[in-house]
>>> print(open('query-v5.cif').read())   # mmCIF, C-alpha atoms and all ligand atoms
data_data
#
loop_
_atom_site.label_atom_id
_atom_site.label_comp_id
_atom_site.auth_asym_id
_atom_site.auth_seq_id
_atom_site.Cartn_x
_atom_site.Cartn_y
_atom_site.Cartn_z
CA MET W 1 111.07 -74.38 23.51
CA LEU W 2 109.15 -71.39 22.24
CA VAL W 3 110.92 -68.95 19.93
CA ILE W 4 109.63 -65.41 19.67
CA GLN W 5 110.45 -62.69 17.23
CA ASP W 6 108.75 -59.31 16.83
CA GLY W 7 105.99 -60.31 19.24
CA ARG W 8 105.03 -63.52 17.43
CA ILE W 9 105.85 -67.18 17.80
CA VAL W 10 108.27 -68.19 15.05
CA ALA W 11 109.18 -71.71 16.23
CA ILE W 12 108.09 -74.25 18.79
CA GLY W 13 109.45 -77.69 19.55
CA PRO W 14 111.68 -79.80 21.75
CA THR W 15 114.61 -77.72 23.05
CA ASN W 16 117.23 -80.07 21.61
CA GLU W 17 115.80 -79.57 18.11
CA VAL W 18 115.10 -75.85 18.26
CA GLU W 19 118.07 -74.56 20.29
CA GLY W 20 120.63 -75.15 17.55
CA THR W 21 118.68 -73.00 15.09
CA LEU W 22 118.77 -69.84 17.25
CA PRO W 23 120.91 -66.95 16.02
CA PRO W 24 123.83 -66.05 18.32
CA GLY W 25 122.89 -63.55 21.01
CA THR W 26 119.31 -64.84 21.38
CA ILE W 27 118.03 -64.24 24.90
CA VAL W 28 116.85 -67.48 26.53
CA THR W 29 114.55 -67.65 29.56
CA HIS W 30 114.20 -70.97 31.37
CA TYR W 31 111.11 -72.10 33.24
CA GLU W 32 112.13 -75.34 34.89
CA ARG W 33 108.98 -76.59 36.56
CA GLU W 34 106.24 -74.55 34.93
CA LEU W 35 103.79 -75.17 32.10
CA ILE W 36 103.61 -72.65 29.27
CA LEU W 37 100.09 -72.21 27.88
CA PRO W 38 98.41 -69.69 25.61
CA GLY W 39 97.20 -66.63 27.54
CA PHE W 40 93.66 -67.04 28.80
CA ILE W 41 90.75 -65.43 26.97
CA ASP W 42 87.78 -64.15 28.97
CA THR W 43 84.71 -63.71 26.76
CA HIS W 44 82.49 -61.81 29.20
CA ILE W 45 83.61 -59.23 31.76
CA HIS W 46 82.65 -55.71 32.88
CA PHE W 47 85.52 -53.28 33.18
CA PRO W 48 83.54 -50.76 35.36
CA GLN W 49 82.73 -53.39 37.97
CA THR W 50 86.10 -53.77 39.70
CA GLN W 51 84.52 -52.16 42.78
CA VAL W 52 81.21 -54.02 42.43
CA ILE W 53 82.72 -57.51 42.76
CA ALA W 54 81.80 -59.08 46.13
CA SER W 55 78.63 -57.06 46.76
CA TYR W 56 76.35 -58.82 49.23
CA GLY W 57 72.93 -60.27 49.19
CA THR W 58 70.99 -59.62 45.97
CA GLN W 59 69.86 -61.23 42.73
CA LEU W 60 70.26 -59.68 39.30
CA LEU W 61 67.80 -56.77 39.10
CA ASP W 62 68.38 -55.59 42.69
CA TRP W 63 72.11 -56.15 42.31
CA LEU W 64 72.12 -53.88 39.25
CA THR W 65 70.15 -51.14 41.00
CA ARG W 66 71.77 -51.29 44.39
CA TYR W 67 75.40 -51.75 43.43
CA THR W 68 76.23 -51.75 39.74
CA PHE W 69 74.38 -48.68 38.55
CA VAL W 70 75.83 -46.73 41.50
CA GLU W 71 79.44 -47.58 40.63
CA GLU W 72 79.04 -47.20 36.88
CA GLN W 73 77.90 -43.58 37.27
CA LYS W 74 81.41 -42.72 38.46
CA TYR W 75 82.73 -43.38 34.94
CA TYR W 76 81.62 -39.99 33.66
CA ASP W 77 85.00 -38.87 35.03
CA PRO W 78 87.87 -39.63 32.63
CA ALA W 79 90.45 -39.70 35.45
CA HIS W 80 88.41 -42.37 37.25
CA CYS W 81 88.14 -44.34 33.99
CA THR W 82 91.90 -44.27 33.48
CA ARG W 83 92.71 -45.41 37.00
CA GLN W 84 90.14 -48.20 36.86
CA ALA W 85 91.17 -49.35 33.36
CA ALA W 86 94.80 -49.59 34.44
CA PHE W 87 93.87 -51.62 37.52
CA PHE W 88 91.55 -53.86 35.52
CA LEU W 89 94.06 -54.71 32.80
CA ASP W 90 96.88 -55.32 35.28
CA GLU W 91 94.60 -57.56 37.32
CA LEU W 92 93.70 -59.57 34.21
CA LEU W 93 97.39 -60.01 33.43
CA ARG W 94 98.12 -61.07 37.02
CA ASN W 95 95.55 -63.80 36.45
CA GLY W 96 97.01 -64.89 33.12
CA THR W 97 94.29 -63.37 30.96
CA THR W 98 95.68 -61.68 27.87
CA THR W 99 92.47 -61.04 25.91
CA ALA W 100 89.01 -60.11 27.18
CA VAL W 101 85.68 -59.12 25.76
CA ALA W 102 84.67 -56.28 28.04
CA TYR W 103 81.67 -54.08 28.64
CA GLY W 104 82.42 -50.43 29.27
CA SER W 105 80.01 -48.08 31.01
CA VAL W 106 77.51 -45.96 29.10
CA HIS W 107 80.15 -43.21 28.88
CA PRO W 108 82.28 -43.28 25.73
CA GLN W 109 85.21 -42.00 27.81
CA SER W 110 85.26 -45.34 29.64
CA VAL W 111 86.00 -47.10 26.36
CA ASP W 112 88.57 -44.51 25.33
CA ALA W 113 90.39 -45.03 28.64
CA PHE W 114 90.15 -48.80 28.35
CA PHE W 115 91.58 -49.01 24.83
CA THR W 116 94.25 -46.41 25.61
CA GLU W 117 95.51 -48.53 28.51
CA SER W 118 95.23 -51.73 26.47
CA GLU W 119 97.18 -50.20 23.60
CA GLU W 120 99.92 -49.17 26.02
CA ARG W 121 100.25 -52.79 27.18
CA GLY W 122 100.01 -54.24 23.66
CA THR W 123 97.09 -56.47 24.59
CA CYS W 124 94.33 -57.58 22.26
CA MET W 125 91.05 -56.42 23.76
CA ILE W 126 87.46 -56.25 22.57
CA ALA W 127 85.17 -53.71 24.20
CA GLY W 128 82.24 -51.42 23.70
CA LYS W 129 80.29 -48.65 25.29
CA VAL W 130 77.10 -49.93 26.86
CA MET W 131 73.95 -48.69 25.13
CA MET W 132 71.13 -48.14 27.64
CA ASN W 133 68.26 -45.67 27.35
CA ARG W 134 65.68 -46.77 29.95
CA ASN W 135 65.17 -48.47 33.31
CA ALA W 136 68.37 -46.98 34.69
CA PRO W 137 69.37 -43.80 36.56
CA LEU W 138 69.54 -40.61 34.49
CA GLY W 139 73.31 -40.48 34.90
CA LEU W 140 73.57 -43.83 33.11
CA THR W 141 71.24 -43.35 30.18
CA ASP W 142 71.97 -42.33 26.62
CA THR W 143 69.44 -41.94 23.82
CA VAL W 144 68.88 -43.80 20.58
CA GLU W 145 70.70 -41.05 18.72
CA THR W 146 73.65 -40.51 21.10
CA SER W 147 74.18 -44.25 21.61
CA TYR W 148 74.34 -44.75 17.87
CA ALA W 149 76.58 -41.74 17.26
CA ASP W 150 78.93 -42.43 20.19
CA SER W 151 79.27 -46.11 19.28
CA LYS W 152 79.99 -45.18 15.68
CA THR W 153 82.67 -42.68 16.70
CA LEU W 154 84.30 -45.29 18.95
CA ILE W 155 84.22 -47.88 16.16
CA GLU W 156 85.88 -45.46 13.78
CA ARG W 157 88.47 -44.53 16.40
CA TRP W 158 89.31 -47.93 17.84
CA HIS W 159 88.09 -50.89 15.78
CA LYS W 160 91.14 -52.63 14.30
CA ARG W 161 93.48 -49.93 15.56
CA GLY W 162 96.42 -52.23 16.37
CA ARG W 163 95.04 -55.07 18.45
CA GLN W 164 91.87 -53.35 19.67
CA ARG W 165 88.43 -54.47 18.46
CA TYR W 166 84.98 -53.00 19.02
CA ALA W 167 81.84 -54.73 20.26
CA VAL W 168 78.46 -53.05 19.86
CA THR W 169 77.06 -53.40 23.39
CA PRO W 170 73.35 -52.99 24.08
CA ARG W 171 73.43 -53.88 27.81
CA PHE W 172 70.29 -56.07 27.70
CA ALA W 173 66.68 -55.87 26.58
CA ILE W 174 65.47 -54.29 29.83
CA THR W 175 67.64 -51.19 29.47
CA SER W 176 67.10 -50.59 25.74
CA THR W 177 63.98 -49.57 23.86
CA GLN W 178 63.06 -51.31 20.63
CA ALA W 179 64.43 -48.29 18.75
CA GLN W 180 67.80 -48.55 20.51
CA LEU W 181 68.07 -52.26 19.78
CA GLU W 182 67.34 -51.40 16.14
CA ALA W 183 70.15 -48.84 16.24
CA ALA W 184 72.49 -51.58 17.50
CA GLY W 185 71.38 -53.76 14.58
CA ALA W 186 72.03 -50.88 12.18
CA LEU W 187 75.58 -50.51 13.51
CA LEU W 188 76.23 -54.22 12.88
CA ARG W 189 75.02 -53.89 9.30
CA GLU W 190 77.14 -50.79 8.79
CA PHE W 191 80.26 -52.35 10.33
CA PRO W 192 79.95 -56.10 9.63
CA ASP W 193 83.24 -57.07 11.28
CA VAL W 194 82.60 -55.57 14.72
CA TYR W 195 81.40 -57.85 17.51
CA MET W 196 78.13 -57.68 19.45
CA GLN W 197 77.72 -58.48 23.14
CA THR W 198 74.71 -58.47 25.41
CA HIS W 199 73.02 -60.45 28.19
CA LEU W 200 70.37 -63.09 27.56
CA SER W 201 68.19 -65.21 29.80
CA GLU W 202 70.15 -64.92 33.03
CA ASN W 203 67.45 -64.61 35.68
CA LEU W 204 63.74 -65.55 35.85
CA ASP W 205 62.54 -62.07 36.96
CA GLU W 206 64.59 -60.57 34.15
CA ILE W 207 62.93 -62.86 31.61
CA ALA W 208 59.43 -61.96 32.87
CA PHE W 209 60.28 -58.25 32.71
CA VAL W 210 61.57 -58.60 29.13
CA GLN W 211 58.41 -60.45 28.11
CA SER W 212 56.31 -57.56 29.54
CA LEU W 213 58.40 -54.96 27.73
CA PHE W 214 58.29 -56.82 24.40
CA PRO W 215 54.89 -58.53 24.39
CA ASP W 216 55.04 -59.19 20.64
CA SER W 217 58.26 -61.19 20.85
CA LYS W 218 58.07 -64.98 20.85
CA ASN W 219 60.70 -65.18 23.59
CA TYR W 220 63.73 -63.31 24.98
CA THR W 221 66.06 -64.44 22.18
CA ASP W 222 63.53 -63.25 19.62
CA VAL W 223 63.79 -59.68 20.99
CA TYR W 224 67.39 -59.60 19.76
CA ASP W 225 66.77 -61.79 16.73
CA ARG W 226 64.13 -59.46 15.26
CA VAL W 227 66.58 -56.56 15.14
CA GLY W 228 69.41 -58.58 13.62
CA LEU W 229 71.64 -59.04 16.65
CA LEU W 230 72.23 -62.79 16.29
CA GLY W 231 75.21 -64.06 14.36
CA PRO W 232 78.68 -65.59 14.51
CA ARG W 233 80.27 -62.47 16.04
CA SER W 234 77.55 -62.10 18.68
CA LEU W 235 78.20 -63.08 22.30
CA PHE W 236 75.29 -63.62 24.67
CA GLY W 237 76.14 -63.73 28.35
CA HIS W 238 74.52 -66.47 30.49
CA CYS W 239 71.78 -68.18 28.38
CA ILE W 240 70.72 -70.20 31.39
CA HIS W 241 66.98 -70.52 30.82
CA LEU W 242 66.67 -70.80 27.03
CA ASN W 243 63.97 -73.05 25.59
CA GLU W 244 64.49 -75.43 22.66
CA GLU W 245 63.37 -72.92 20.07
CA GLU W 246 65.78 -70.30 21.39
CA LEU W 247 68.66 -72.77 21.48
CA GLN W 248 67.87 -73.73 17.90
CA ARG W 249 67.99 -70.08 16.78
CA MET W 250 71.31 -69.63 18.58
CA ALA W 251 72.67 -72.70 16.80
CA ASP W 252 71.26 -71.77 13.39
CA THR W 253 72.84 -68.31 13.54
CA SER W 254 76.19 -69.53 14.98
CA SER W 255 75.67 -67.19 17.91
CA VAL W 256 77.76 -67.69 21.02
CA ALA W 257 76.42 -68.42 24.52
CA VAL W 258 78.88 -67.42 27.23
CA PHE W 259 78.88 -69.57 30.36
CA CYS W 260 79.76 -67.47 33.43
CA PRO W 261 79.70 -69.92 36.32
CA THR W 262 80.99 -67.82 39.23
CA SER W 263 78.45 -65.13 38.41
CA ASN W 264 75.58 -67.55 37.96
CA LEU W 265 76.27 -69.05 41.37
CA PHE W 266 77.00 -65.76 43.12
CA ILE W 267 73.93 -63.84 41.86
CA GLY W 268 71.88 -67.01 42.22
CA SER W 269 70.85 -67.01 38.56
CA GLY W 270 70.84 -70.74 37.88
CA LEU W 271 72.86 -73.62 36.49
CA PHE W 272 74.01 -73.48 32.87
CA ASP W 273 72.96 -76.57 30.95
CA MET W 274 75.84 -77.53 28.67
CA ALA W 275 74.07 -80.68 27.44
CA SER W 276 71.14 -78.64 26.12
CA THR W 277 73.53 -76.70 23.87
CA GLU W 278 74.73 -79.93 22.28
CA LYS W 279 71.33 -81.43 21.45
CA SER W 280 70.67 -80.18 17.94
CA LYS W 281 72.60 -81.34 14.91
CA ARG W 282 74.57 -78.14 14.99
CA PRO W 283 75.50 -77.41 18.63
CA VAL W 284 75.32 -73.94 20.15
CA ARG W 285 78.80 -72.45 20.41
CA VAL W 286 79.74 -71.97 24.07
CA GLY W 287 82.36 -69.65 25.54
CA LEU W 288 83.61 -69.25 29.08
CA GLY W 289 83.70 -65.93 30.93
CA THR W 290 84.20 -64.52 34.41
CA ASP W 291 81.48 -61.82 34.33
CA VAL W 292 83.32 -59.80 36.99
CA GLY W 293 81.74 -58.05 38.97
CA GLY W 294 78.70 -60.37 39.03
CA GLY W 295 81.40 -63.03 38.84
CA THR W 296 83.64 -63.44 41.84
CA SER W 297 87.05 -64.13 40.33
CA TYR W 298 89.27 -62.65 37.62
CA SER W 299 90.90 -66.06 37.33
CA MET W 300 89.90 -68.24 34.40
CA LEU W 301 91.29 -71.18 36.42
CA GLN W 302 88.77 -70.52 39.18
CA THR W 303 86.10 -69.93 36.55
CA ALA W 304 86.82 -73.37 35.08
CA ALA W 305 86.67 -74.90 38.57
CA GLU W 306 83.21 -73.41 39.14
CA ALA W 307 82.09 -74.48 35.65
CA TYR W 308 83.06 -78.02 36.60
CA LYS W 309 80.98 -77.81 39.79
CA VAL W 310 77.93 -76.32 38.03
CA LEU W 311 78.03 -79.14 35.51
CA GLN W 312 78.42 -81.69 38.32
CA LEU W 313 75.12 -80.44 39.72
CA LYS W 314 73.57 -80.99 36.28
CA GLY W 315 74.99 -84.52 36.09
CA GLN W 316 77.36 -83.36 33.33
CA ASN W 317 81.12 -83.16 33.19
CA LEU W 318 83.96 -80.92 32.13
CA PRO W 319 87.23 -82.74 31.48
CA PRO W 320 90.27 -80.57 32.22
CA ALA W 321 91.45 -80.67 28.61
CA THR W 322 88.06 -79.30 27.52
CA ALA W 323 88.19 -76.60 30.19
CA PHE W 324 91.67 -75.45 29.14
CA TYR W 325 90.63 -75.62 25.49
CA MET W 326 87.66 -73.38 26.25
CA MET W 327 89.80 -70.74 28.00
CA THR W 328 92.32 -70.63 25.16
CA ARG W 329 91.78 -71.92 21.62
CA GLY W 330 88.05 -72.43 22.09
CA ASN W 331 87.38 -68.86 23.10
CA ALA W 332 89.77 -67.64 20.36
CA ASP W 333 87.81 -69.55 17.72
CA LEU W 334 84.55 -68.08 18.99
CA LEU W 335 86.07 -64.66 18.31
CA SER W 336 87.29 -65.77 14.86
CA MET W 337 90.81 -65.23 16.18
CA GLY W 338 92.16 -68.77 15.96
CA GLY W 339 95.65 -68.60 14.44
CA GLU W 340 96.20 -65.20 16.07
CA ILE W 341 95.67 -65.88 19.78
CA GLY W 342 94.72 -68.77 22.06
CA SER W 343 97.32 -71.15 20.73
CA LEU W 344 101.09 -71.67 20.73
CA GLU W 345 101.53 -72.08 16.99
CA CYS W 346 103.93 -70.41 14.61
CA GLY W 347 102.43 -67.12 13.48
CA CYS W 348 100.36 -66.57 16.63
CA PHE W 349 100.99 -63.60 18.86
CA ALA W 350 103.31 -64.56 21.72
CA ASP W 351 100.61 -64.01 24.35
CA PHE W 352 101.16 -66.73 26.90
CA VAL W 353 100.98 -67.64 30.56
CA VAL W 354 103.53 -69.53 32.64
CA LEU W 355 101.71 -71.71 35.17
CA ASP W 356 103.09 -73.15 38.39
CA SER W 357 101.20 -76.29 39.46
CA LYS W 358 103.03 -76.28 42.81
CA ALA W 359 102.23 -72.69 43.70
CA THR W 360 100.71 -73.33 47.13
CA PRO W 361 101.42 -75.91 49.84
CA ALA W 362 98.16 -77.69 49.02
CA MET W 363 99.03 -77.85 45.31
CA LEU W 364 102.61 -78.96 45.99
CA HIS W 365 101.33 -81.68 48.29
CA ARG W 366 98.66 -82.88 45.83
CA MET W 367 101.16 -82.89 42.97
CA GLU W 368 103.25 -85.52 44.80
CA THR W 369 100.82 -88.19 43.60
CA ILE W 370 100.51 -87.06 40.00
CA GLY W 371 103.86 -87.66 38.35
CA ASP W 372 103.68 -86.78 34.67
CA MET W 373 99.93 -87.17 34.14
CA ILE W 374 99.26 -83.91 32.30
CA GLU W 375 95.45 -84.14 32.49
CA GLU W 376 95.62 -84.59 36.24
CA GLU W 377 98.05 -81.72 36.59
CA LEU W 378 95.68 -79.49 34.59
CA PHE W 379 92.83 -80.54 36.84
CA VAL W 380 94.84 -79.64 39.95
CA LEU W 381 95.66 -76.28 38.35
CA MET W 382 92.05 -75.42 37.62
CA THR W 383 90.67 -76.76 40.89
CA LEU W 384 93.26 -75.39 43.32
CA GLY W 385 94.95 -72.71 41.22
CA ASP W 386 94.28 -69.00 40.89
CA ASP W 387 96.48 -65.92 40.50
CA ARG W 388 99.07 -67.55 42.76
CA ALA W 389 99.62 -70.21 40.11
CA VAL W 390 100.41 -67.61 37.46
CA ARG W 391 104.21 -67.38 37.55
CA ALA W 392 104.36 -64.92 34.63
CA THR W 393 102.27 -63.48 31.81
CA TYR W 394 103.66 -62.43 28.44
CA VAL W 395 102.04 -60.26 25.78
CA GLN W 396 103.67 -60.11 22.34
CA GLY W 397 106.70 -61.73 23.95
CA ARG W 398 107.04 -59.03 26.61
CA LYS W 399 106.75 -60.06 30.23
CA LEU W 400 104.01 -57.87 31.69
CA HIS W 401 103.57 -59.79 34.92
CA ASP W 402 106.08 -61.64 37.08
CA ARG W 403 104.70 -63.11 40.29
CA ASN W 404 108.11 -63.17 41.92
CA LEU W 405 108.73 -59.48 41.30
CA ALA W 406 105.26 -58.20 42.11
N1 LIG V 501 72.48 -57.89 32.88
C1 LIG V 501 72.50 -56.58 32.54
N2 LIG V 501 73.59 -55.97 33.02
C2 LIG V 501 74.30 -56.90 33.67
C3 LIG V 501 75.53 -56.87 34.38
O1 LIG V 501 76.20 -55.85 34.51
N3 LIG V 501 75.94 -58.05 34.91
C4 LIG V 501 75.22 -59.20 34.80
N4 LIG V 501 75.68 -60.31 35.34
N5 LIG V 501 74.06 -59.25 34.15
C5 LIG V 501 73.60 -58.11 33.59
FE FE V 502 77.64 -59.53 32.51
#
>>> encode(input="query-v5.cif", output="structure tokens", more="lines below")
Ligand code: GUN
Ligand code: FE
Amino acid sequence: MLVIQDGRIVAIGPTNEVEGTLPPGTIVTHYERELILPGFIDTHIHFPQTQVIASYGTQLLDWLTRYTFVEEQKYYDPAHCTRQAAFFLDELLRNGTTTAVAYGSVHPQSVDAFFTESEERGTCMIAGKVMMNRNAPLGLTDTVETSYADSKTLIERWHKRGRQRYAVTPRFAITSTQAQLEAAGALLREFPDVYMQTHLSENLDEIAFVQSLFPDSKNYTDVYDRVGLLGPRSLFGHCIHLNEEELQRMADTSSVAVFCPTSNLFIGSGLFDMASTEKSKRPVRVGLGTDVGGGTSYSMLQTAAEAYKVLQLKGQNLPPATAFYMMTRGNADLLSMGGEIGSLECGCFADFVVLDSKATPAMLHRMETIGDMIEEELFVLMTLGDDRAVRATYVQGRKLHDRNLA
């Protein structure tokens, strides 16, 4: 039994021990056959790509030009931003995700809309306006000065306002000049407790292009390293093709590599090598993310299923307990938010998901052979489950999604 007061968990334990301690009049909700887990945390997703997801036939650089940069230009319009932000957050909740680290578009109004909608729902979200000043359509470019000034204004407006947090967001090395990357570094020095997110080493053509744009850099990671973007609050999407030296720098700086399996498969970027992150004495910290709309599912369950398959192809494995740890406490720790989210402990926010392992006929049928083997049940959930397995999602103890009412 989980006891919630003022949006936080105040007790947890066997019902027969906890029930007697409840004050009279306490409202009790029973979930008979479901599992209650911490709400999922998605450490890499693009809020302006809800209408890019499922775009056919391209790899990264063409995909950006042909689909993504077209859709993202629509976010100059605040009304569009609001409608899309509302859809995006509700869709996350329908999938059991209660915290995400999200890219906005280049337009500061996209981030304003996103945080406004998040604040209304009481969710804990991390986001930032994308900084990009070259190799993109005019409608999607800022300048060194405006990207710095707009990011700073957004930090002052939103960072640590309630549950919202800011991430300085240079999109990736191809769309920023050296001077803009330096401006991102300056923001991190000025505001040491904001996050940083960008993309790193996702696609071979991308890596070659970066090398041509930054001929003096030792490697792709070094482009970011030289301007001070590595560190324990820095999240690097993909990291598929890093060499030993780059992995070592990631480890030495406690930077985070975010594994985005559905995206890596869908855009044909490559297979993440988990074992290579564990080689050095200090392993590289690894998060799990959907990367919608390069990714193909909002569901962290489906994301875990694809992570398992990617690692199978590398001769590596992903036990279900590890996968569920990554989507909850693991991702929370990467954000320095352990003890606040990602766990059902006293003091944590009551952000949780109620999962139904028998949500579909195939799951119900498979579950007949499992009995009370929790690891096997978790594996069925991640392999066969998706939004249909999310019975309900709670944020600060408030039910924001109920599958049976939707
Ligand atoms: N690299 C730069 N921008 C993007 C993006 O929007 N999605 C992905 N997957 N990679 C990127
Ligand atoms: Fe991405």
>>> closest_residue(input="query-v5.cif", among="W:Leu2, W:Ile45, W:Ala11, W:Cys346", to="ligand LIG 501 (chain V)", atoms="all atoms listed in the file")
W:Ile45
>>> residues_around(input="query-v5.cif", residues="region 191-193 of chain W", least_positions_apart="6", cutoff="12 Å", atoms="all atoms listed in the file", output="mmCIF file with C-alpha atoms, in the coordinates of the input")
data_model
loop_
_atom_site.group_PDB
_atom_site.id
_atom_site.type_symbol
_atom_site.label_atom_id
_atom_site.label_comp_id
_atom_site.auth_asym_id
_atom_site.auth_seq_id
_atom_site.Cartn_x
_atom_site.Cartn_y
_atom_site.Cartn_z
ATOM 1 C CA SER W 151 79.270 -46.110 19.280
ATOM 2 C CA LYS W 152 79.990 -45.180 15.680
ATOM 3 C CA THR W 153 82.670 -42.680 16.700
ATOM 4 C CA LEU W 154 84.300 -45.290 18.950
ATOM 5 C CA ILE W 155 84.220 -47.880 16.160
ATOM 6 C CA GLU W 156 85.880 -45.460 13.780
ATOM 7 C CA HIS W 159 88.090 -50.890 15.780
ATOM 8 C CA LYS W 160 91.140 -52.630 14.300
ATOM 9 C CA ARG W 165 88.430 -54.470 18.460
ATOM 10 C CA TYR W 166 84.980 -53.000 19.020
ATOM 11 C CA ALA W 167 81.840 -54.730 20.260
ATOM 12 C CA VAL W 168 78.460 -53.050 19.860
ATOM 13 C CA ALA W 184 72.490 -51.580 17.500
ATOM 14 C CA GLY W 185 71.380 -53.760 14.580
ATOM 15 C CA GLY W 228 69.410 -58.580 13.620
ATOM 16 C CA LEU W 229 71.640 -59.040 16.650
ATOM 17 C CA GLY W 231 75.210 -64.060 14.360
ATOM 18 C CA PRO W 232 78.680 -65.590 14.510
ATOM 19 C CA ARG W 233 80.270 -62.470 16.040
ATOM 20 C CA SER W 234 77.550 -62.100 18.680
ATOM 21 C CA LEU W 335 86.070 -64.660 18.310
ATOM 22 C CA SER W 336 87.290 -65.770 14.860
#
>>> closest_residue(input="query-v5.cif", among="W:Gly397, W:Pro261, W:Pro319, W:Gly162", to="ligand FE 502 (chain V)", atoms="only C-alpha atoms and all ligand atoms")
W:Pro261
>>> closest_residue(input="query-v5.cif", among="W:Phe214, W:Phe324, W:Tyr308, W:Tyr31", to="Met274 (chain W)", atoms="only C-alpha atoms")
W:Tyr308
>>> residues_near_ligand(input="query-v5.cif", ligand="ligand FE 502 (chain V)", cutoff="10 Å", atoms="all atoms listed in the file", output="list of chain:residue names")
W:His44, W:Ile45, W:His46, W:Gln49, W:Ala102, W:Tyr103, W:Arg171, W:Phe172, W:Gln197, W:Thr198, W:His199, W:Leu200, W:Glu202, W:Phe236, W:Gly237, W:His238, W:Val258, W:Cys260, W:Ser263, W:Asn264, W:Gly289, W:Thr290, W:Asp291, W:Val292, W:Gly293, W:Gly294, W:Gly295
>>> closest_atom_pairs(input="query-v5.cif", of="region 9-51 of chain W", to="region 117-137 of chain W", cutoff="12 Å", atoms="all atoms listed in the file", output="JSON lines")
{"residue": "W:Gly39", "atom": "CA", "partner": "W:Thr123", "partner_atom": "CA", "distance": 10.6}
{"residue": "W:Phe40", "atom": "CA", "partner": "W:Cys124", "partner_atom": "CA", "distance": 11.5}
{"residue": "W:Ile41", "atom": "CA", "partner": "W:Met125", "partner_atom": "CA", "distance": 9.6}
{"residue": "W:Asp42", "atom": "CA", "partner": "W:Met125", "partner_atom": "CA", "distance": 9.9}
{"residue": "W:Thr43", "atom": "CA", "partner": "W:Ile126", "partner_atom": "CA", "distance": 9.0}
{"residue": "W:His44", "atom": "CA", "partner": "W:Ala127", "partner_atom": "CA", "distance": 9.9}
{"residue": "W:Ile45", "atom": "CA", "partner": "W:Ala127", "partner_atom": "CA", "distance": 9.5}
{"residue": "W:His46", "atom": "CA", "partner": "W:Ala127", "partner_atom": "CA", "distance": 9.3}
{"residue": "W:Phe47", "atom": "CA", "partner": "W:Ala127", "partner_atom": "CA", "distance": 9.0}
{"residue": "W:Pro48", "atom": "CA", "partner": "W:Val130", "partner_atom": "CA", "distance": 10.7}
>>> write_last_selection(input="query-v5.cif", atoms="C-alpha atoms", output="CSV table (one decimal), keeping the file's coordinate frame")
chain,number,residue,atom,x,y,z
W,39,GLY,CA,97.2,-66.6,27.5
W,40,PHE,CA,93.7,-67.0,28.8
W,41,ILE,CA,90.8,-65.4,27.0
W,42,ASP,CA,87.8,-64.2,29.0
W,43,THR,CA,84.7,-63.7,26.8
W,44,HIS,CA,82.5,-61.8,29.2
W,45,ILE,CA,83.6,-59.2,31.8
W,46,HIS,CA,82.6,-55.7,32.9
W,47,PHE,CA,85.5,-53.3,33.2
W,48,PRO,CA,83.5,-50.8,35.4
